$ cat work14.json   # JSON, C-alpha atoms
[["chain", "number", "residue", "atom", "x", "y", "z"],
["A", 797, "MET", "CA", 10.04, -28.61, -0.93],
["A", 798, "ASP", "CA", 13.06, -26.57, 0.18],
["A", 799, "ILE", "CA", 14.17, -23.71, -2.08],
["A", 800, "THR", "CA", 17.50, -21.98, -1.50],
["A", 801, "LEU", "CA", 18.13, -18.72, -3.32],
["A", 802, "THR", "CA", 21.27, -16.61, -3.41],
["A", 803, "LYS", "CA", 21.32, -12.84, -3.38],
["A", 804, "SER", "CA", 22.94, -12.87, -6.79],
["A", 805, "GLN", "CA", 20.05, -14.96, -8.16],
["A", 806, "ILE", "CA", 17.55, -12.46, -6.79],
["A", 807, "GLN", "CA", 19.56, -9.52, -8.16],
["A", 808, "GLN", "CA", 19.63, -11.17, -11.58],
["A", 809, "ALA", "CA", 15.89, -11.89, -11.46],
["A", 810, "VAL", "CA", 15.15, -8.24, -10.67],
["A", 811, "GLN", "CA", 17.42, -7.02, -13.45],
["A", 812, "ASP", "CA", 15.94, -9.47, -15.94],
["A", 813, "ALA", "CA", 12.40, -8.48, -14.94],
["A", 814, "TYR", "CA", 13.29, -4.82, -15.44],
["A", 815, "ASN", "CA", 14.73, -5.51, -18.89],
["A", 816, "GLU", "CA", 11.72, -7.63, -19.81],
["A", 817, "CYS", "CA", 9.10, -5.13, -18.68],
["A", 818, "LYS", "CA", 10.63, -1.71, -19.36],
["A", 819, "ASP", "CA", 9.15, -1.40, -22.84],
["A", 820, "ILE", "CA", 5.65, -2.58, -21.94],
["A", 821, "LYS", "CA", 2.99, -0.23, -23.26],
["A", 822, "GLY", "CA", -0.61, 0.18, -22.22],
["A", 823, "GLY", "CA", -2.54, 1.91, -19.49],
["A", 824, "ALA", "CA", -2.64, 5.60, -18.68],
["A", 825, "ASN", "CA", -1.75, 7.88, -15.78],
["A", 826, "ALA", "CA", -4.57, 8.63, -13.36],
["A", 827, "ASN", "CA", -6.23, 11.71, -14.89],
["A", 828, "TYR", "CA", -8.80, 12.55, -12.22],
["A", 829, "ILE", "CA", -5.97, 13.91, -10.05],
["A", 830, "PRO", "CA", -4.22, 16.60, -12.17],
["A", 831, "TYR", "CA", -0.82, 16.16, -10.51],
["A", 832, "LEU", "CA", -0.70, 12.45, -11.35],
["A", 833, "ALA", "CA", -1.74, 13.03, -14.94],
["A", 834, "ASN", "CA", 1.46, 15.01, -15.54],
["A", 835, "ILE", "CA", 3.99, 12.49, -14.16],
["A", 836, "ASP", "CA", 6.46, 11.08, -16.71],
["A", 837, "SER", "CA", 4.82, 7.83, -17.83],
["A", 838, "ASN", "CA", 8.20, 6.28, -18.69],
["A", 839, "LEU", "CA", 9.44, 6.17, -15.08],
["A", 840, "PHE", "CA", 9.96, 2.60, -13.88],
["A", 841, "GLY", "CA", 11.74, 0.97, -10.97],
["A", 842, "ILE", "CA", 11.87, -2.33, -9.05],
["A", 843, "SER", "CA", 13.18, -2.78, -5.48],
["A", 844, "VAL", "CA", 13.54, -5.84, -3.26],
["A", 845, "THR", "CA", 14.38, -5.83, 0.45],
["A", 846, "LEU", "CA", 15.68, -9.04, 1.98],
["A", 847, "LEU", "CA", 15.29, -9.81, 5.65],
["A", 848, "ASP", "CA", 18.99, -9.26, 6.39],
["A", 849, "GLY", "CA", 18.61, -5.63, 5.27],
["A", 850, "THR", "CA", 19.97, -6.03, 1.74],
["A", 851, "VAL", "CA", 18.11, -3.79, -0.72],
["A", 852, "ILE", "CA", 18.26, -4.48, -4.46],
["A", 853, "ASN", "CA", 17.31, -1.56, -6.72],
["A", 854, "VAL", "CA", 16.97, -1.40, -10.50],
["A", 855, "GLY", "CA", 15.65, 1.59, -12.45],
["A", 856, "ASP", "CA", 14.03, 4.77, -11.10],
["A", 857, "THR", "CA", 13.98, 3.56, -7.51],
["A", 858, "GLU", "CA", 14.74, 6.91, -5.84],
["A", 859, "TYR", "CA", 12.01, 8.87, -7.62],
["A", 860, "LYS", "CA", 9.39, 10.10, -5.13],
["A", 861, "PHE", "CA", 5.90, 9.39, -6.39],
["A", 862, "GLY", "CA", 2.51, 9.69, -4.69],
["A", 863, "ILE", "CA", 2.01, 6.76, -2.31],
["A", 864, "GLU", "CA", -1.78, 7.03, -2.75],
["A", 865, "SER", "CA", -3.68, 3.86, -1.76],
["A", 866, "VAL", "CA", -0.58, 1.96, -0.65],
["A", 867, "SER", "CA", -0.73, 4.31, 2.36],
["A", 868, "LYS", "CA", -3.84, 2.39, 3.47],
["A", 869, "VAL", "CA", -1.62, -0.55, 4.42],
["A", 870, "LEU", "CA", 0.64, 1.61, 6.56],
["A", 871, "THR", "CA", -2.18, 3.34, 8.45],
["A", 872, "ALA", "CA", -3.96, 0.00, 8.89],
["A", 873, "ILE", "CA", -0.81, -1.14, 10.70],
["A", 874, "LEU", "CA", -0.96, 1.97, 12.88],
["A", 875, "VAL", "CA", -4.54, 1.38, 14.03],
["A", 876, "LEU", "CA", -3.79, -2.32, 14.54],
["A", 877, "LYS", "CA", -0.94, -1.22, 16.83],
["A", 878, "GLN", "CA", -3.09, 1.29, 18.68],
["A", 879, "TYR", "CA", -6.29, -0.76, 19.06],
["A", 880, "GLY", "CA", -5.50, -4.42, 18.40],
["A", 881, "ALA", "CA", -6.74, -6.81, 15.75],
["A", 882, "GLN", "CA", -10.17, -7.48, 17.27],
["A", 883, "ALA", "CA", -11.10, -3.81, 17.62],
["A", 884, "VAL", "CA", -10.12, -3.11, 14.00],
["A", 885, "LEU", "CA", -12.26, -6.06, 12.90],
["A", 886, "GLU", "CA", -15.24, -4.70, 14.84],
["A", 887, "LYS", "CA", -14.85, -1.02, 13.92],
["A", 888, "ILE", "CA", -13.84, -1.44, 10.27],
["A", 889, "GLY", "CA", -13.86, -5.08, 9.14],
["A", 890, "ALA", "CA", -11.70, -7.37, 7.02],
["A", 891, "ASP", "CA", -13.91, -8.35, 4.07],
["A", 892, "ALA", "CA", -13.20, -7.56, 0.44],
["A", 893, "THR", "CA", -15.96, -5.52, -1.18],
["A", 894, "GLY", "CA", -15.50, -6.99, -4.67],
["A", 895, "LEU", "CA", -16.11, -3.45, -5.92],
["A", 896, "PRO", "CA", -13.90, -0.51, -6.99],
["A", 897, "PHE", "CA", -11.73, 1.12, -4.32],
["A", 898, "ASN", "CA", -13.88, 4.26, -4.15],
["A", 899, "SER", "CA", -17.27, 2.57, -4.21],
["A", 900, "ILE", "CA", -20.16, 4.28, -2.42],
["A", 901, "PHE", "CA", -22.44, 1.37, -3.26],
["A", 902, "ALA", "CA", -20.25, -0.91, -1.09],
["A", 903, "ILE", "CA", -21.06, 1.24, 1.96],
["A", 904, "LEU", "CA", -24.79, 1.04, 1.23],
["A", 905, "LEU", "CA", -24.56, -2.74, 0.91],
["A", 906, "GLU", "CA", -22.65, -3.16, 4.18],
["A", 907, "ASN", "CA", -23.66, -0.20, 6.30],
["A", 908, "ASP", "CA", -22.74, -1.99, 9.53],
["A", 909, "HIS", "CA", -19.02, -1.50, 8.77],
["A", 910, "PRO", "CA", -16.79, -0.13, 5.96],
["A", 911, "SER", "CA", -15.58, -3.69, 5.09],
["A", 912, "THR", "CA", -11.77, -3.25, 5.10],
["A", 913, "PRO", "CA", -9.17, -0.56, 5.85],
["A", 914, "LEU", "CA", -7.71, -1.08, 2.37],
["A", 915, "VAL", "CA", -10.53, 0.62, 0.44],
["A", 916, "ASN", "CA", -11.27, 4.34, 0.62],
["A", 917, "ALA", "CA", -14.17, 4.04, 3.07],
["A", 918, "GLY", "CA", -12.27, 1.87, 5.53],
["A", 919, "ALA", "CA", -9.12, 3.96, 5.18],
["A", 920, "ILE", "CA", -11.01, 7.16, 6.05],
["A", 921, "THR", "CA", -12.47, 5.35, 9.07],
["A", 922, "ALA", "CA", -8.97, 4.21, 10.03],
["A", 923, "CYS", "CA", -7.77, 7.82, 9.96],
["A", 924, "SER", "CA", -10.67, 8.77, 12.22],
["A", 925, "MET", "CA", -9.53, 6.08, 14.69],
["A", 926, "VAL", "CA", -5.90, 7.19, 14.90],
["A", 927, "ALA", "CA", -5.02, 8.44, 18.38],
["A", 928, "PRO", "CA", -4.97, 11.03, 19.88],
["A", 929, "LYS", "CA", -8.65, 11.74, 19.26],
["A", 930, "GLY", "CA", -9.57, 15.29, 18.31],
["A", 931, "ASP", "CA", -5.96, 16.35, 17.70],
["A", 932, "SER", "CA", -5.30, 16.80, 13.99],
["A", 933, "TRP", "CA", -1.59, 17.54, 14.39],
["A", 934, "GLY", "CA", -1.09, 14.71, 16.88],
["A", 935, "LYS", "CA", -2.82, 12.29, 14.55],
["A", 936, "TRP", "CA", -0.72, 13.40, 11.60],
["A", 937, "GLU", "CA", 2.47, 13.03, 13.63],
["A", 938, "ALA", "CA", 1.45, 9.46, 14.46],
["A", 939, "ILE", "CA", 0.69, 8.69, 10.79],
["A", 940, "ILE", "CA", 3.86, 10.18, 9.28],
["A", 941, "ASN", "CA", 6.14, 8.80, 12.00],
["A", 942, "ASN", "CA", 4.65, 5.35, 11.46],
["A", 943, "ILE", "CA", 5.36, 5.64, 7.73],
["A", 944, "ALA", "CA", 8.97, 6.65, 8.46],
["A", 945, "SER", "CA", 9.45, 3.72, 10.84],
["A", 946, "LEU", "CA", 8.07, 1.21, 8.36],
["A", 947, "CYS", "CA", 10.14, 2.59, 5.47],
["A", 948, "GLY", "CA", 13.28, 3.17, 7.54],
["A", 949, "SER", "CA", 13.63, 6.78, 6.38],
["A", 950, "PRO", "CA", 11.72, 10.08, 6.56],
["A", 951, "ALA", "CA", 8.77, 10.77, 4.29],
["A", 952, "GLN", "CA", 7.06, 14.04, 3.43],
["A", 953, "VAL", "CA", 3.88, 15.20, 1.73],
["A", 954, "ILE", "CA", 4.16, 16.36, -1.88],
["A", 955, "ASP", "CA", 2.43, 19.72, -1.43],
["A", 956, "GLU", "CA", 1.31, 20.04, -5.05],
["A", 957, "LEU", "CA", -0.22, 16.56, -4.96],
["A", 958, "TYR", "CA", -1.99, 17.31, -1.64],
["A", 959, "LYS", "CA", -3.46, 20.48, -3.12],
["A", 960, "SER", "CA", -4.53, 18.63, -6.26],
["A", 961, "GLU", "CA", -6.14, 15.83, -4.24],
["A", 962, "SER", "CA", -7.92, 18.22, -1.88],
["A", 963, "GLU", "CA", -9.46, 20.12, -4.77],
["A", 964, "THR", "CA", -10.81, 16.99, -6.48],
["A", 965, "ASN", "CA", -11.82, 14.60, -3.66],
["A", 966, "PHE", "CA", -15.59, 15.01, -4.14],
["A", 967, "ASN", "CA", -16.30, 11.28, -4.09],
["A", 968, "ASN", "CA", -14.36, 10.81, -0.87],
["A", 969, "ARG", "CA", -16.31, 13.65, 0.75],
["A", 970, "SER", "CA", -19.49, 11.74, -0.03],
["A", 971, "ILE", "CA", -17.97, 8.56, 1.41],
["A", 972, "ALA", "CA", -16.91, 10.30, 4.62],
["A", 973, "TRP", "CA", -20.34, 11.78, 5.33],
["A", 974, "LEU", "CA", -22.13, 8.54, 4.45],
["A", 975, "LEU", "CA", -19.90, 6.76, 6.95],
["A", 976, "LYS", "CA", -20.85, 9.41, 9.50],
["A", 977, "ASN", "CA", -24.49, 8.61, 8.80],
["A", 978, "TYR", "CA", -23.80, 4.98, 9.76],
["A", 979, "ASN", "CA", -21.75, 5.93, 12.84],
["A", 980, "ARG", "CA", -18.54, 4.59, 11.31],
["A", 981, "ILE", "CA", -16.48, 7.76, 11.64],
["A", 982, "TYR", "CA", -14.94, 7.99, 15.11],
["A", 983, "ASP", "CA", -13.70, 11.59, 15.06],
["A", 984, "ASP", "CA", -14.41, 14.83, 13.23],
["A", 985, "VAL", "CA", -15.45, 14.04, 9.64],
["A", 986, "ASP", "CA", -13.55, 16.81, 7.85],
["A", 987, "MET", "CA", -10.42, 16.15, 9.93],
["A", 988, "SER", "CA", -10.54, 12.43, 9.12],
["A", 989, "LEU", "CA", -10.96, 13.08, 5.40],
["A", 990, "ASP", "CA", -8.12, 15.61, 5.40],
["A", 991, "LEU", "CA", -5.80, 13.17, 7.17],
["A", 992, "TYR", "CA", -6.64, 10.51, 4.59],
["A", 993, "THR", "CA", -6.04, 12.94, 1.71],
["A", 994, "ARG", "CA", -2.75, 14.04, 3.25],
["A", 995, "GLN", "CA", -1.45, 10.49, 3.78],
["A", 996, "CYS", "CA", -2.26, 9.63, 0.15],
["A", 997, "SER", "CA", -0.15, 12.63, -0.89],
["A", 998, "VAL", "CA", 3.04, 11.44, 0.78],
["A", 999, "GLY", "CA", 6.01, 11.11, -1.58],
["A", 1000, "ILE", "CA", 7.59, 7.66, -1.51],
["A", 1001, "THR", "CA", 10.20, 5.72, -3.50],
["A", 1002, "SER", "CA", 10.10, 2.09, -4.57],
["A", 1003, "HIS", "CA", 13.18, 1.63, -2.37],
["A", 1004, "GLN", "CA", 11.24, 2.85, 0.68],
["A", 1005, "LEU", "CA", 8.17, 0.80, -0.21],
["A", 1006, "SER", "CA", 10.22, -2.37, -0.49],
["A", 1007, "VAL", "CA", 11.67, -1.75, 2.99],
["A", 1008, "CYS", "CA", 8.13, -1.30, 4.30],
["A", 1009, "ALA", "CA", 7.12, -4.57, 2.64],
["A", 1010, "GLY", "CA", 10.23, -6.21, 4.07],
["A", 1011, "THR", "CA", 9.22, -5.01, 7.54],
["A", 1012, "ILE", "CA", 5.86, -6.75, 7.19],
["A", 1013, "ALA", "CA", 7.54, -9.87, 5.78],
["A", 1014, "ASN", "CA", 9.96, -9.79, 8.74],
["A", 1015, "GLY", "CA", 7.19, -9.87, 11.34],
["A", 1016, "GLY", "CA", 7.29, -6.19, 12.19],
["A", 1017, "VAL", "CA", 11.06, -5.74, 12.48],
["A", 1018, "ASN", "CA", 12.49, -3.29, 9.94],
["A", 1019, "PRO", "CA", 15.26, -5.25, 8.15],
["A", 1020, "VAL", "CA", 17.34, -2.12, 7.54],
["A", 1021, "THR", "CA", 17.03, -0.18, 10.82],
["A", 1022, "LYS", "CA", 16.32, -3.24, 13.03],
["A", 1023, "GLU", "CA", 13.56, -1.26, 14.76],
["A", 1024, "ASN", "CA", 10.68, -3.36, 16.10],
["A", 1025, "VAL", "CA", 7.92, -1.36, 14.42],
["A", 1026, "PHE", "CA", 4.97, -3.56, 15.36],
["A", 1027, "GLU", "CA", 4.27, -6.84, 17.12],
["A", 1028, "ARG", "CA", 4.84, -10.06, 15.18],
["A", 1029, "GLU", "CA", 1.26, -11.24, 15.79],
["A", 1030, "LEU", "CA", -0.05, -8.38, 13.64],
["A", 1031, "ALA", "CA", 1.97, -9.32, 10.55],
["A", 1032, "PRO", "CA", -0.38, -12.13, 9.42],
["A", 1033, "LYS", "CA", -3.36, -9.81, 9.92],
["A", 1034, "ILE", "CA", -2.04, -7.13, 7.61],
["A", 1035, "THR", "CA", -0.83, -9.69, 5.05],
["A", 1036, "THR", "CA", -4.29, -11.26, 5.06],
["A", 1037, "LEU", "CA", -5.88, -7.87, 4.38],
["A", 1038, "ILE", "CA", -3.48, -7.29, 1.49],
["A", 1039, "SER", "CA", -4.22, -10.78, 0.11],
["A", 1040, "SER", "CA", -7.97, -10.23, 0.13],
["A", 1041, "VAL", "CA", -8.27, -6.74, -1.38],
["A", 1042, "GLY", "CA", -4.86, -5.45, -2.51],
["A", 1043, "PHE", "CA", -5.98, -5.13, -6.13],
["A", 1044, "TYR", "CA", -9.64, -4.41, -5.36],
["A", 1045, "GLN", "CA", -12.02, -6.20, -7.75],
["A", 1046, "ASN", "CA", -9.02, -7.79, -9.52],
["A", 1047, "THR", "CA", -7.44, -9.25, -6.37],
["A", 1048, "GLY", "CA", -8.39, -12.85, -7.10],
["A", 1049, "ASP", "CA", -6.85, -12.68, -10.55],
["A", 1050, "TRP", "CA", -3.74, -11.05, -9.08],
["A", 1051, "MET", "CA", -3.21, -13.74, -6.44],
["A", 1052, "TYR", "CA", -3.90, -16.49, -8.98],
["A", 1053, "THR", "CA", -1.35, -15.19, -11.47],
["A", 1054, "SER", "CA", 1.33, -13.67, -9.21],
["A", 1055, "GLY", "CA", 1.45, -15.79, -6.06],
["A", 1056, "ILE", "CA", 2.23, -12.87, -3.74],
["A", 1057, "PRO", "CA", 0.02, -10.59, -1.61],
["A", 1058, "ALA", "CA", 0.39, -7.04, -2.92],
["A", 1059, "LYS", "CA", -1.20, -3.61, -2.66],
["A", 1060, "SER", "CA", -1.44, -1.07, -5.46],
["A", 1061, "GLY", "CA", -1.89, 2.70, -5.60],
["A", 1062, "VAL", "CA", -3.00, 5.03, -8.37],
["A", 1063, "GLY", "CA", 0.35, 6.81, -8.12],
["A", 1064, "GLY", "CA", 1.77, 3.73, -9.89],
["A", 1065, "GLY", "CA", 3.26, 1.92, -6.91],
["A", 1066, "VAL", "CA", 2.86, -1.74, -5.95],
["A", 1067, "LEU", "CA", 3.97, -3.18, -2.59],
["A", 1068, "GLY", "CA", 4.34, -6.98, -2.31],
["A", 1069, "VAL", "CA", 4.92, -9.08, 0.81],
["A", 1070, "TYR", "CA", 6.43, -12.57, 0.78],
["A", 1071, "PRO", "CA", 6.31, -13.51, 4.50],
["A", 1072, "GLY", "CA", 9.60, -14.73, 5.91],
["A", 1073, "VAL", "CA", 11.46, -14.07, 2.65],
["A", 1074, "MET", "CA", 11.31, -10.53, 1.25],
["A", 1075, "GLY", "CA", 9.44, -7.37, 0.43],
["A", 1076, "ILE", "CA", 9.17, -6.18, -3.16],
["A", 1077, "ALA", "CA", 8.01, -2.92, -4.70],
["A", 1078, "ALA", "CA", 7.67, -1.62, -8.23],
["A", 1079, "PHE", "CA", 6.65, 1.72, -9.69],
["A", 1080, "ALA", "CA", 5.37, 2.88, -13.08],
["A", 1081, "PRO", "CA", 2.60, 5.50, -13.53],
["A", 1082, "PRO", "CA", 0.33, 4.09, -16.32],
["A", 1083, "LEU", "CA", -2.65, 2.23, -14.82],
["A", 1084, "ASP", "CA", -5.16, -0.34, -16.02],
["A", 1085, "GLY", "CA", -8.92, 0.15, -15.76],
["A", 1086, "ALA", "CA", -8.99, -0.90, -12.10],
["A", 1087, "GLY", "CA", -6.32, 1.65, -11.10],
["A", 1088, "ASN", "CA", -3.36, -0.73, -10.90],
["A", 1089, "SER", "CA", 0.02, -0.07, -12.54],
["A", 1090, "VAL", "CA", 0.35, -2.10, -15.72],
["A", 1091, "LYS", "CA", 4.14, -2.26, -15.75],
["A", 1092, "ALA", "CA", 4.61, -2.66, -11.97],
["A", 1093, "GLN", "CA", 2.22, -5.61, -11.96],
["A", 1094, "ALA", "CA", 4.13, -7.26, -14.78],
["A", 1095, "ALA", "CA", 7.46, -6.63, -13.03],
["A", 1096, "VAL", "CA", 6.43, -8.21, -9.73],
["A", 1097, "LYS", "CA", 4.95, -11.21, -11.52],
["A", 1098, "SER", "CA", 8.13, -11.59, -13.56],
["A", 1099, "VAL", "CA", 10.38, -11.60, -10.49],
["A", 1100, "MET", "CA", 8.18, -14.20, -8.80],
["A", 1101, "LYS", "CA", 8.17, -16.41, -11.88],
["A", 1102, "LYS", "CA", 11.91, -16.18, -12.42],
["A", 1103, "LEU", "CA", 12.56, -17.18, -8.80],
["A", 1104, "GLY", "CA", 9.92, -19.94, -8.84],
["A", 1105, "LEU", "CA", 8.14, -18.47, -5.82],
["A", 1106, "GLY", "CA", 4.52, -18.41, -4.65],
["A", 1107, "VAL", "CA", 3.15, -18.09, -1.14],
["A", 1108, "PHE", "CA", 0.72, -20.97, -1.73],
["A", 1109, "ASN", "CA", 3.35, -23.35, -3.11],
["A", 1110, "GLY", "CA", 4.11, -24.78, 0.32],
["A", 1111, "ASP", "CA", 7.86, -24.32, -0.17],
["A", 1112, "CYS", "CA", 10.37, -23.51, 2.56],
["A", 1113, "VAL", "CA", 12.39, -20.65, 1.09],
["A", 1114, "LYS", "CA", 15.84, -19.64, 2.33],
["A", 1115, "VAL", "CA", 18.07, -16.85, 1.08],
["A", 1116, "GLU", "CA", 21.83, -17.19, 1.34],
["A", 1117, "SER", "CA", 24.69, -14.88, 0.49]]
$ encode --input "work14.json" --output "structure tokens"
Amino acid sequence: MDITLTKSQIQQAVQDAYNECKDIKGGANANYIPYLANIDSNLFGISVTLLDGTVINVGDTEYKFGIESVSKVLTAILVLKQYGAQAVLEKIGADATGLPFNSIFAILLENDHPSTPLVNAGAITACSMVAPKGDSWGKWEAIINNIASLCGSPAQVIDELYKSESETNFNNRSIAWLLKNYNRIYDDVDMSLDLYTRQCSVGITSHQLSVCAGTIANGGVNPVTKENVFERELAPKITTLISSVGFYQNTGDWMYTSGIPAKSGVGGGVLGVYPGVMGIAAFAPPLDGAGNSVKAQAAVKSVMKKLGLGVFNGDCVKVES
């Protein structure tokens, strides 16, 4: 079935979703990271980036929040660029754990690899893989420049969040050294963990996240800047990873009810990719028990429902002016 949407229809769907979801209650800010616990829980924004570079924003879409686990997608793209899809599969993997994002038990179950770059263990391994090896500053330059290219604008670490994360990342320290025990850290352990902590502390807006999602949906070409950020052949790989583990142990339910691959972060952000059509992002701090934004989930689902979209529907979707 062919579906033709206009920009005005999409704009209206985003506005209606915002109005519908803005008063949703439930969930709570992440409290194990002090900085996140103190963010205004009423902040809420929805952004959509179309493949012609049009960005639709409603709500608090320029507020910079902690990117947190959504950063795993961006650094996964970086190591895919640097090493190729097969090497990432061999060194990290592409399987969902079916367990929480910070699970140590998952590593013990699958000690031959960390399973996927979109959980904490695999993301720390990905940071250890980033070239140039042994060069903390060079690695960080590669990570932050990749984020800027994907989002189409500069990004910076929120220093207070980085400090807060560094002081409370006890579980991740255990993960990093357990990975070392299984020879799945490919550079200095403390450096790799610090890089992971730092990337999670980057400040991002829903506007920027939607551009990043649009870049993935556009086969690696940033819709706004027109920069070819990564090769088209990698786009299905990253979208597959998002589809399999974007909401951790709740990913199956998410795909079943939303129809769009998406990745969440405990900072309250959600990044969704509709290949060949658009990128979408939403932000609201209160989380459910699995660490996913209650309101952002509802907003993305609402937009999809209002537009009649779903990646498994088999529809050919076109967007016109």
$ atom_distance --input "work14.json" --atom1 "CA of Ser911 in chain A" --atom2 "CA of Asp891 in chain A"
5.1 Å
$ closest_residue --input "work14.json" --among "A:Ala809, A:Val1041, A:Leu1005, A:Val1025" --to "Ala890 in chain A" --atoms "all atoms listed in the file"
A:Val1041
$ residues_around --input "work14.json" --residues "Gly823 in chain A" --least-positions-apart "3" --cutoff "7 Å" --atoms "all atoms listed in the file" --output "PyMOL selection string"
chain A and resi 1082-1084+1090
$ write_last_selection --input "work14.json" --atoms "C-alpha atoms" --output "short mmCIF file (atom, residue, chain, number, x, y, z; two decimals), in the coordinates of the input"
data_model
loop_
_atom_site.label_atom_id
_atom_site.label_comp_id
_atom_site.auth_asym_id
_atom_site.auth_seq_id
_atom_site.Cartn_x
_atom_site.Cartn_y
_atom_site.Cartn_z
CA PRO A 1082 0.33 4.09 -16.32
CA LEU A 1083 -2.65 2.23 -14.82
CA ASP A 1084 -5.16 -0.34 -16.02
CA VAL A 1090 0.35 -2.10 -15.72
#
$ closest_residue --input "work14.json" --among "A:Asp836, A:Phe861, A:Ser1039, A:Gly855" --to "Asp812 in chain A" --atoms "all atoms listed in the file"
A:Gly855
$ closest_residue --input "work14.json" --among "A:Asn1109, A:Gln1004, A:Ser1089, A:Ser1060" --to "Thr845 in chain A" --atoms "only C-alpha atoms"
A:Gln1004
$ residues_near_point --input "work14.json" --point "(12.8, -3.9, -19.9)" --cutoff "12 Å" --atoms "only C-alpha atoms" --output "MDAnalysis selection string"
chainID A and resid 810:821 838:842 854:855 1091:1092 1094:1095 1098
$ closest_residue --input "work14.json" --among "A:Ala917, A:Gly1085, A:Ile873, A:Lys929" --to "Gly1015 in chain A" --atoms "only C-alpha atoms"
A:Ile873
$ atom_distance --input "work14.json" --atom1 "CA of Leu975 in chain A" --atom2 "CA of Ser997 in chain A"
22.0 Å
$ closest_residue --input "work14.json" --among "A:Leu1030, A:Val884, A:Thr993, A:Gly1055" --to "Thr964 in chain A" --atoms "only C-alpha atoms"
A:Thr993
$ closest_residue --input "work14.json" --among "A:Cys996, A:Val1062, A:Leu914, A:Leu885" --to "Val869 in chain A" --atoms "all atoms listed in the file"
A:Leu914
$ residues_around --input "work14.json" --residues "Ile943 in chain A" --least-positions-apart "4" --cutoff "9 Å" --atoms "all atoms listed in the file" --output "list in words"
Ser867, Leu870, Thr871, Leu874, Ala938, Ile939, Cys947, Gly948, Ser949, Pro950, Ala951 and Cys1008 of chain A
$ atom_distance --input "work14.json" --atom1 "CA of Ile888 in chain A" --atom2 "CA of Asp986 in chain A"
18.4 Å
$ residues_near_point --input "work14.json" --point "(-9.5, 14.7, 9.9)" --cutoff "12 Å" --atoms "only C-alpha atoms" --output "MDAnalysis selection string"
chainID A and resid 919:936 939 969 972 981:995
$ residues_around --input "work14.json" --residues "range 1043-1051 of chain A" --least-positions-apart "2" --cutoff "12 Å" --atoms "all atoms listed in the file" --output "VMD selection string"
chain A and resid 865 to 866 891 to 899 902 912 to 916 1036 to 1041 1053 to 1062 1065 to 1069 1083 to 1090 1093 to 1094 1096 to 1097 1100 1106 to 1108
